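Enquirer: Provided herewith is a single structure, encoded as structure tokens, for subsequent inquiry.
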Amino acid sequence: MPKIRKNIAISESGFVFDPLSGESYSLNPLGLEIIHLIKNGQSYEDLSEVLLAKYEVDQETFDRYFYDFVATLKQFNLLEVETDA
Amino acid sequence: MEKLPFERPTIQKISAGIPSKHGISRKLEPLSHIDGLSIKSLINDYGSPLFILSESSIRKTYKEAYRAFSSRYPNVQFAWSYKTNYLNAVCNVFHQEGAWAEVVSGFEYDKAAANGVPGESIIFNGPDKSKENLRKAIQNSSLIHIDHFDELYEIIHLSREMDERPKVAIRINMDVGIYPKWDRFGFNFENGEAWDALNRIKASKNLDLIGLHTHIGTYMMTTQAYKIAASKLAQLAVSLEKKHGHVIQYIDIGGGFASKNTLRGAYYPGTDTTPSFDDFAEAITSALMSSEIKPDHLPMLILETGRALIDDAGYLAGTVLANKRLSDGRRATIIDTGVNLLFTAFWYEHDIRPIEPISDQMEDTTIYGPLCMNIDVIRGNVMFPLLKKGDHYVVRRVGAYNTTQWMQFINLRPQIVMLDMKGKAHLVRKGETLDTINSQEITPEHLQNFNL
Ligand SMILES: Cc1ncc(COP(=O)(O)O)c(C=O)c1O
């Protein structure tokens, strides 16, 4: 699972601030929920199980949008740079 | 427990203050129907991609343009510019509305004639008229707009050989204050070449000089240029009457009115910046009415309006093939229409939208065609909702120049339907098949077989 960079500030309303770049972002409710689950260290299996139970969506669609979302986080440099550990 | 509706997770950058160049990004409303017919059902019935033309939109636009001119000027005639869209169904809608034909090649001439346009209602423009073409045009009393001196001499020669009086006008280029100047076509006004050509026609005695023609450019966003053009042509008409006692029958101001499409790189959308037909009509007719032309000698005003009459009536609907991310993370959506079919993507920031409500969430997206080429971009950097593979899109205002300039490249050209006044669809051009292409080819005997 990806990790959110430590110094990123995330508010309850989905407002995100990156002190390093000075950029701010806004998350929609599911975006915020996923970020929280990631921060809590959930595995992908657990995370998708929780959300599939809660929302009207199939696994395939969810996978697609989840990975797309993570790609966007990466594009905005909000993720820890992965090391080959 | 009832499940909650799913909306895909998103994160969007908040850019402080500066709105995007088209203002705060608006919601992209889907377009699901054209003239009451569902685009989805049209795609199901006729395939994807699919060009869709609206007959009612053509007629409505034509009537609006005609009214703008005829309410200001006593004698107005439109001539449908074939090159803009020469599907027979389209041409015939214009001919039914009363438009003549304006053609620029032997092929277009024959197409107009085959549609049943009488010879004397065909205007023959352009630098490319073969001797055979000219012979035919003279025989049929068509209106020949002379482009250069070589053509003038050829027509004089033919008039003697055929013992006919060809009906001619000259094409005139001029400075109307726009850049770039279109001085490739016709005779120049400012350096006296046009006046010289007119005098030679009068001196030849064999030709009927009936008109003066100009076409100052295409996608013109200023009405002032037309005012200047109309005044200059009026000056020539006055000089002809003064010197030769010759009254010309028409002034043909050409085409060139901008459509409501947005030019690439334009700051404001075309829907906000394009002058109306009334604006163009006011500039042109006021210049003619206030010229020195005697009121009872006011010539017929001919218009060869192309794109502004047909752009709005054309739609291109199709299907999303895939989504990708570019190496810098930006979104790319690949659709089944490339620049080979949508030639005008090189000029316009086309209005492309989904046909069904998808989501309010939009993302900076580049929309690519399916061709294996880098230039195959339908829209760069557009705020667009994420369409899935198999979802449908529609591009608006594609009626002009696409189904004449399209290329058969890699794939076959698709079907074209026209929706009639009652909203019923008619197939007006069949999609190409392998046979269409192969039937043009001849493989030499020794190349017909191989062993692999
Ligand atoms: C001689 C002539 N008339 C009319 C037109 C139609 O122009 P538009 O589509 O810009 O109105 C053209 C287009 O190039 C043209 O060359």
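Scheme for the structure tokens: letters A, B, ... for chains in order shown; per-chain residue numbers from 1; ligand numbers from 1 in order shown.
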Please, which residues of chain A lie no more than 6 Å from chain B when the count uses only C-alpha atoms, and can they be set out as a PDB file with N, CA and C atoms, in the first residue's frame?
Expert:
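The result, written out as result07.pdb:
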```pdb
ATOM      1  N   SER A  24      -2.417  23.581  -2.266  1.00  0.00           N
ATOM      2  CA  SER A  24      -3.533  22.997  -1.527  1.00  0.00           C
ATOM      3  C   SER A  24      -4.472  22.271  -2.480  1.00  0.00           C
ATOM      4  N   TYR A  25      -5.212  21.346  -1.925  1.00  0.00           N
ATOM      5  CA  TYR A  25      -6.061  20.454  -2.721  1.00  0.00           C
ATOM      6  C   TYR A  25      -7.376  20.249  -2.004  1.00  0.00           C
ATOM      7  N   SER A  26      -8.378  19.782  -2.754  1.00  0.00           N
ATOM      8  CA  SER A  26      -9.599  19.385  -2.046  1.00  0.00           C
ATOM      9  C   SER A  26      -9.990  17.967  -2.439  1.00  0.00           C
ATOM     10  N   LEU A  27     -10.404  17.220  -1.439  1.00  0.00           N
ATOM     11  CA  LEU A  27     -10.814  15.822  -1.633  1.00  0.00           C
ATOM     12  C   LEU A  27     -12.324  15.745  -1.622  1.00  0.00           C
ATOM     13  N   ASN A  28     -12.880  14.855  -2.413  1.00  0.00           N
ATOM     14  CA  ASN A  28     -14.315  14.609  -2.259  1.00  0.00           C
ATOM     15  C   ASN A  28     -14.483  13.589  -1.124  1.00  0.00           C
ATOM     16  N   LEU A  30     -15.345  10.463  -0.694  1.00  0.00           N
ATOM     17  CA  LEU A  30     -14.722   9.138  -0.782  1.00  0.00           C
ATOM     18  C   LEU A  30     -13.192   9.260  -0.823  1.00  0.00           C
ATOM     19  N   GLY A  31     -12.717  10.317  -1.464  1.00  0.00           N
ATOM     20  CA  GLY A  31     -11.267  10.551  -1.482  1.00  0.00           C
ATOM     21  C   GLY A  31     -10.749  10.686  -0.056  1.00  0.00           C
ATOM     22  N   LYS A  54     -19.960  -0.884   1.733  1.00  0.00           N
ATOM     23  CA  LYS A  54     -20.658   0.368   2.038  1.00  0.00           C
ATOM     24  C   LYS A  54     -21.284   1.002   0.789  1.00  0.00           C
ATOM     25  N   TYR A  55     -20.578   0.892  -0.364  1.00  0.00           N
ATOM     26  CA  TYR A  55     -21.026   1.611  -1.560  1.00  0.00           C
ATOM     27  C   TYR A  55     -21.517   0.685  -2.662  1.00  0.00           C
ATOM     28  N   GLU A  56     -22.333   1.242  -3.505  1.00  0.00           N
ATOM     29  CA  GLU A  56     -22.918   0.545  -4.643  1.00  0.00           C
ATOM     30  C   GLU A  56     -21.875   0.461  -5.764  1.00  0.00           C
ATOM     31  N   GLN A  75       1.009  11.833  -8.609  1.00  0.00           N
ATOM     32  CA  GLN A  75       1.303  12.942  -9.520  1.00  0.00           C
ATOM     33  C   GLN A  75       1.448  14.252  -8.749  1.00  0.00           C
TER      34      GLN A  75
END
```
Enquirer: DSSP on the backbone, strand (DSSP E) only: what residues of segment 39-193 of chain B does that give? Format it as a VMD selection string.
Expert: chain B and resid 50 to 54 76 to 81 100 to 103 122 to 124 143 to 146 167 to 173 187 to 188
Enquirer: Can you pull out every residue within 9 Å of Val70 of chain A, counting only C-alpha atoms, but drop anything in the same chain fewer than 5 positions away, and send it as a PyMOL selection string?
Expert: chain A and resi 2+65+75+79
Enquirer: Based on the selection just made, write N, CA, C and O atoms of those residues as an mmCIF file, in the first residue's frame.
Expert:
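Output contents, as saved in result_12.cif:
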```cif
data_model
loop_
_atom_site.group_PDB
_atom_site.id
_atom_site.type_symbol
_atom_site.label_atom_id
_atom_site.label_comp_id
_atom_site.auth_asym_id
_atom_site.auth_seq_id
_atom_site.Cartn_x
_atom_site.Cartn_y
_atom_site.Cartn_z
ATOM 1 N N PRO A 2 0.407 2.272 -0.682
ATOM 2 C CA PRO A 2 1.150 3.533 -0.666
ATOM 3 C C PRO A 2 1.044 4.181 0.708
ATOM 4 O O PRO A 2 0.151 3.856 1.478
ATOM 5 N N TYR A 65 -10.858 2.822 -10.186
ATOM 6 C CA TYR A 65 -10.871 4.196 -9.667
ATOM 7 C C TYR A 65 -9.892 4.372 -8.516
ATOM 8 O O TYR A 65 -9.303 5.426 -8.360
ATOM 9 N N GLN A 75 1.009 11.833 -8.609
ATOM 10 C CA GLN A 75 1.303 12.942 -9.520
ATOM 11 C C GLN A 75 1.448 14.252 -8.749
ATOM 12 O O GLN A 75 2.261 15.098 -9.089
ATOM 13 N N LEU A 79 2.572 11.295 -1.969
ATOM 14 C CA LEU A 79 2.923 9.970 -1.425
ATOM 15 C C LEU A 79 4.398 9.908 -1.058
ATOM 16 O O LEU A 79 5.226 10.604 -1.639
#
```
Enquirer: Among the residues of segment 192-292 of chain B, find those DSSP assigns to alpha helix (DSSP H) from the backbone and print them as a VMD selection string.
Expert: chain B and resid 193 to 204 224 to 244 270 to 273 277 to 289
Enquirer: Please find the residues contacting ligand 1 at a distance of at most 6 Å between atoms, with only C-alpha atoms and all ligand atoms counted, and report them as a PyMOL selection string.
Expert: chain B and resi 81+84+125+215+218-219+254-257+304-307
Enquirer: Taking N, CA, C and O atoms for each residue, export the selection above as a PDB file, in the first residue's frame.
Expert:
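Printed below is out_3.pdb as written:
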```
ATOM      1  N   SER B  81     -21.334  26.917 -51.149  1.00  0.00           N
ATOM      2  CA  SER B  81     -19.922  26.628 -51.389  1.00  0.00           C
ATOM      3  C   SER B  81     -19.696  25.116 -51.243  1.00  0.00           C
ATOM      4  O   SER B  81     -19.621  24.595 -50.133  1.00  0.00           O
ATOM      5  N   THR B  84     -17.258  23.190 -48.811  1.00  0.00           N
ATOM      6  CA  THR B  84     -17.508  23.198 -47.369  1.00  0.00           C
ATOM      7  C   THR B  84     -18.180  21.904 -46.918  1.00  0.00           C
ATOM      8  O   THR B  84     -17.883  21.370 -45.850  1.00  0.00           O
ATOM      9  N   ASN B 125     -15.516  29.040 -59.557  1.00  0.00           N
ATOM     10  CA  ASN B 125     -14.395  29.792 -58.984  1.00  0.00           C
ATOM     11  C   ASN B 125     -13.102  29.002 -59.055  1.00  0.00           C
ATOM     12  O   ASN B 125     -13.097  27.823 -59.405  1.00  0.00           O
ATOM     13  N   HIS B 215     -13.188  37.088 -52.225  1.00  0.00           N
ATOM     14  CA  HIS B 215     -13.361  36.214 -51.052  1.00  0.00           C
ATOM     15  C   HIS B 215     -12.169  36.557 -50.177  1.00  0.00           C
ATOM     16  O   HIS B 215     -11.040  36.227 -50.498  1.00  0.00           O
ATOM     17  N   THR B 218     -11.120  33.271 -44.601  1.00  0.00           N
ATOM     18  CA  THR B 218     -12.091  32.395 -43.958  1.00  0.00           C
ATOM     19  C   THR B 218     -12.003  32.564 -42.454  1.00  0.00           C
ATOM     20  O   THR B 218     -10.973  32.990 -41.924  1.00  0.00           O
ATOM     21  N   TYR B 219     -13.092  32.240 -41.777  1.00  0.00           N
ATOM     22  CA  TYR B 219     -13.223  32.479 -40.339  1.00  0.00           C
ATOM     23  C   TYR B 219     -12.882  33.930 -39.982  1.00  0.00           C
ATOM     24  O   TYR B 219     -12.037  34.207 -39.135  1.00  0.00           O
ATOM     25  N   GLY B 254     -18.214  36.666 -51.627  1.00  0.00           N
ATOM     26  CA  GLY B 254     -17.534  35.440 -51.190  1.00  0.00           C
ATOM     27  C   GLY B 254     -18.093  34.898 -49.889  1.00  0.00           C
ATOM     28  O   GLY B 254     -19.227  35.188 -49.510  1.00  0.00           O
ATOM     29  N   GLY B 255     -17.271  34.095 -49.213  1.00  0.00           N
ATOM     30  CA  GLY B 255     -17.683  33.498 -47.940  1.00  0.00           C
ATOM     31  C   GLY B 255     -16.827  34.058 -46.828  1.00  0.00           C
ATOM     32  O   GLY B 255     -16.369  35.197 -46.904  1.00  0.00           O
ATOM     33  N   GLY B 256     -16.610  33.240 -45.806  1.00  0.00           N
ATOM     34  CA  GLY B 256     -15.638  33.616 -44.790  1.00  0.00           C
ATOM     35  C   GLY B 256     -16.187  34.003 -43.434  1.00  0.00           C
ATOM     36  O   GLY B 256     -15.397  34.235 -42.508  1.00  0.00           O
ATOM     37  N   PHE B 257     -17.522  34.081 -43.281  1.00  0.00           N
ATOM     38  CA  PHE B 257     -18.020  34.452 -41.959  1.00  0.00           C
ATOM     39  C   PHE B 257     -17.620  33.373 -40.952  1.00  0.00           C
ATOM     40  O   PHE B 257     -17.755  32.177 -41.217  1.00  0.00           O
ATOM     41  N   GLU B 304     -21.282  33.605 -50.722  1.00  0.00           N
ATOM     42  CA  GLU B 304     -20.831  32.210 -50.845  1.00  0.00           C
ATOM     43  C   GLU B 304     -20.525  31.645 -49.465  1.00  0.00           C
ATOM     44  O   GLU B 304     -19.563  30.889 -49.283  1.00  0.00           O
ATOM     45  N   THR B 305     -21.343  32.027 -48.507  1.00  0.00           N
ATOM     46  CA  THR B 305     -21.112  31.615 -47.124  1.00  0.00           C
ATOM     47  C   THR B 305     -21.050  30.093 -46.998  1.00  0.00           C
ATOM     48  O   THR B 305     -21.943  29.402 -47.484  1.00  0.00           O
ATOM     49  N   GLY B 306     -20.005  29.602 -46.375  1.00  0.00           N
ATOM     50  CA  GLY B 306     -19.839  28.154 -46.190  1.00  0.00           C
ATOM     51  C   GLY B 306     -19.999  27.770 -44.738  1.00  0.00           C
ATOM     52  O   GLY B 306     -21.099  27.442 -44.277  1.00  0.00           O
ATOM     53  N   ARG B 307     -18.910  27.843 -43.996  1.00  0.00           N
ATOM     54  CA  ARG B 307     -18.894  27.255 -42.645  1.00  0.00           C
ATOM     55  C   ARG B 307     -19.977  27.815 -41.726  1.00  0.00           C
ATOM     56  O   ARG B 307     -20.543  27.070 -40.924  1.00  0.00           O
TER      57      ARG B 307
END
```
Enquirer: Kindly indicate which residue among B:Lys40, B:Cys372, B:Thr285, B:Pro49 lies nearest to Leu412 of chain B, using only C-alpha atoms for the distances.
Expert: B:Pro49
Enquirer: Excluding same-chain residues fewer than 5 positions from Glu12 of chain A, what lies within 10 Å of it counting only C-alpha atoms, as JSON, numbers by chain?
Expert: {"A": [29, 32, 33, 36]}
Enquirer: For all heavy atoms, I'd like the residues from the last selection saved as an mmCIF file, in the first residue's frame.
Expert:
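The result, stored in selection.cif:
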```cif
data_model
loop_
_atom_site.group_PDB
_atom_site.id
_atom_site.type_symbol
_atom_site.label_atom_id
_atom_site.label_comp_id
_atom_site.auth_asym_id
_atom_site.auth_seq_id
_atom_site.Cartn_x
_atom_site.Cartn_y
_atom_site.Cartn_z
ATOM 1 N N PRO A 29 -15.714 13.354 -0.651
ATOM 2 C CA PRO A 29 -15.893 12.515 0.543
ATOM 3 C C PRO A 29 -15.211 11.147 0.439
ATOM 4 O O PRO A 29 -14.536 10.717 1.374
ATOM 5 C CB PRO A 29 -17.412 12.373 0.638
ATOM 6 C CG PRO A 29 -17.938 13.624 0.020
ATOM 7 C CD PRO A 29 -16.986 13.958 -1.090
ATOM 8 N N LEU A 32 -11.495 11.462 0.748
ATOM 9 C CA LEU A 32 -11.090 11.680 2.141
ATOM 10 C C LEU A 32 -11.134 10.376 2.932
ATOM 11 O O LEU A 32 -10.201 10.041 3.671
ATOM 12 C CB LEU A 32 -12.036 12.715 2.776
ATOM 13 C CG LEU A 32 -11.745 13.094 4.223
ATOM 14 C CD1 LEU A 32 -10.369 13.747 4.341
ATOM 15 C CD2 LEU A 32 -12.821 14.048 4.755
ATOM 16 N N GLU A 33 -12.190 9.615 2.713
ATOM 17 C CA GLU A 33 -12.347 8.352 3.428
ATOM 18 C C GLU A 33 -11.178 7.405 3.114
ATOM 19 O O GLU A 33 -10.609 6.769 4.013
ATOM 20 C CB GLU A 33 -13.681 7.717 2.988
ATOM 21 C CG GLU A 33 -14.229 6.704 3.958
ATOM 22 C CD GLU A 33 -15.678 6.316 3.598
ATOM 23 O OE1 GLU A 33 -16.305 7.007 2.756
ATOM 24 O OE2 GLU A 33 -16.149 5.317 4.150
ATOM 25 N N HIS A 36 -7.996 8.460 4.817
ATOM 26 C CA HIS A 36 -7.990 8.064 6.232
ATOM 27 C C HIS A 36 -7.669 6.588 6.393
ATOM 28 O O HIS A 36 -6.858 6.213 7.241
ATOM 29 C CB HIS A 36 -9.341 8.381 6.891
ATOM 30 C CG HIS A 36 -9.465 9.818 7.286
ATOM 31 N ND1 HIS A 36 -8.498 10.487 8.000
ATOM 32 C CD2 HIS A 36 -10.430 10.737 7.047
ATOM 33 C CE1 HIS A 36 -8.855 11.739 8.188
ATOM 34 N NE2 HIS A 36 -10.036 11.933 7.607
#
```
Enquirer: Provide the atom CA of Thr262 of chain B to atom CA of Gly423 of chain B distance in Å, to one decimal place.
Expert: 27.6 Å
Enquirer: Find the residues around segment 347-350 of chain B up to 10 Å (only C-alpha atoms counted), leave out those fewer than 5 positions away in its own chain, and share them as JSON, numbers by chain.
Expert: {"B": [261, 262, 263, 264, 265, 266, 269, 270, 342, 378, 379, 380, 381, 382, 395, 396, 397, 398]}
Enquirer: Write the residues of the preceding selection, restricted to C-alpha atoms, as an mmCIF file, in the first residue's frame.
Expert:
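Result file is again-v7.cif:
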```cif
data_model
loop_
_atom_site.group_PDB
_atom_site.id
_atom_site.type_symbol
_atom_site.label_atom_id
_atom_site.label_comp_id
_atom_site.auth_asym_id
_atom_site.auth_seq_id
_atom_site.Cartn_x
_atom_site.Cartn_y
_atom_site.Cartn_z
ATOM 1 C CA ASN B 261 -16.556 27.324 -33.120
ATOM 2 C CA THR B 262 -13.657 28.446 -30.930
ATOM 3 C CA LEU B 263 -10.331 28.842 -32.674
ATOM 4 C CA ARG B 264 -7.398 27.071 -31.075
ATOM 5 C CA GLY B 265 -5.657 29.405 -28.701
ATOM 6 C CA ALA B 266 -8.539 31.906 -28.679
ATOM 7 C CA PRO B 269 -15.204 31.019 -26.836
ATOM 8 C CA GLY B 270 -16.505 31.541 -30.384
ATOM 9 C CA LEU B 342 -12.125 15.443 -37.715
ATOM 10 C CA ILE B 378 -8.772 16.019 -30.760
ATOM 11 C CA ARG B 379 -8.640 18.308 -27.713
ATOM 12 C CA GLY B 380 -5.631 19.227 -25.633
ATOM 13 C CA ASN B 381 -6.081 20.189 -21.986
ATOM 14 C CA VAL B 382 -9.807 20.212 -21.596
ATOM 15 C CA VAL B 395 -18.489 16.646 -30.839
ATOM 16 C CA ARG B 396 -20.569 19.657 -31.820
ATOM 17 C CA ARG B 397 -20.236 22.017 -34.804
ATOM 18 C CA VAL B 398 -18.422 19.751 -37.218
#
```
Enquirer: Which neighbours of Gln59 of chain A fall inside 12 Å, counting only C-alpha atoms, when residues of the same chain fewer than 5 positions from it are skipped, and could you give them as a list in words?
Expert: Tyr44, Glu45, Leu47, Ser48, Glu49, Val50, Leu51, Leu52, Ala53, Arg64, Tyr65 and Phe66 of chain A; Phe6 of chain B
Enquirer: What is the atom CA of Val428 of chain B to atom CA of Thr403 of chain B distance in Å?
Expert: 11.8 Å
Enquirer: When you look at Lys27 of chain B with a cut-off of 10 Å (counting only C-alpha atoms), what residues show up, excluding the ones that are within fewer than 6 positions of it in the same chain? I need them as a PyMOL selection string.
Expert: chain B and resi 359-362+383-385
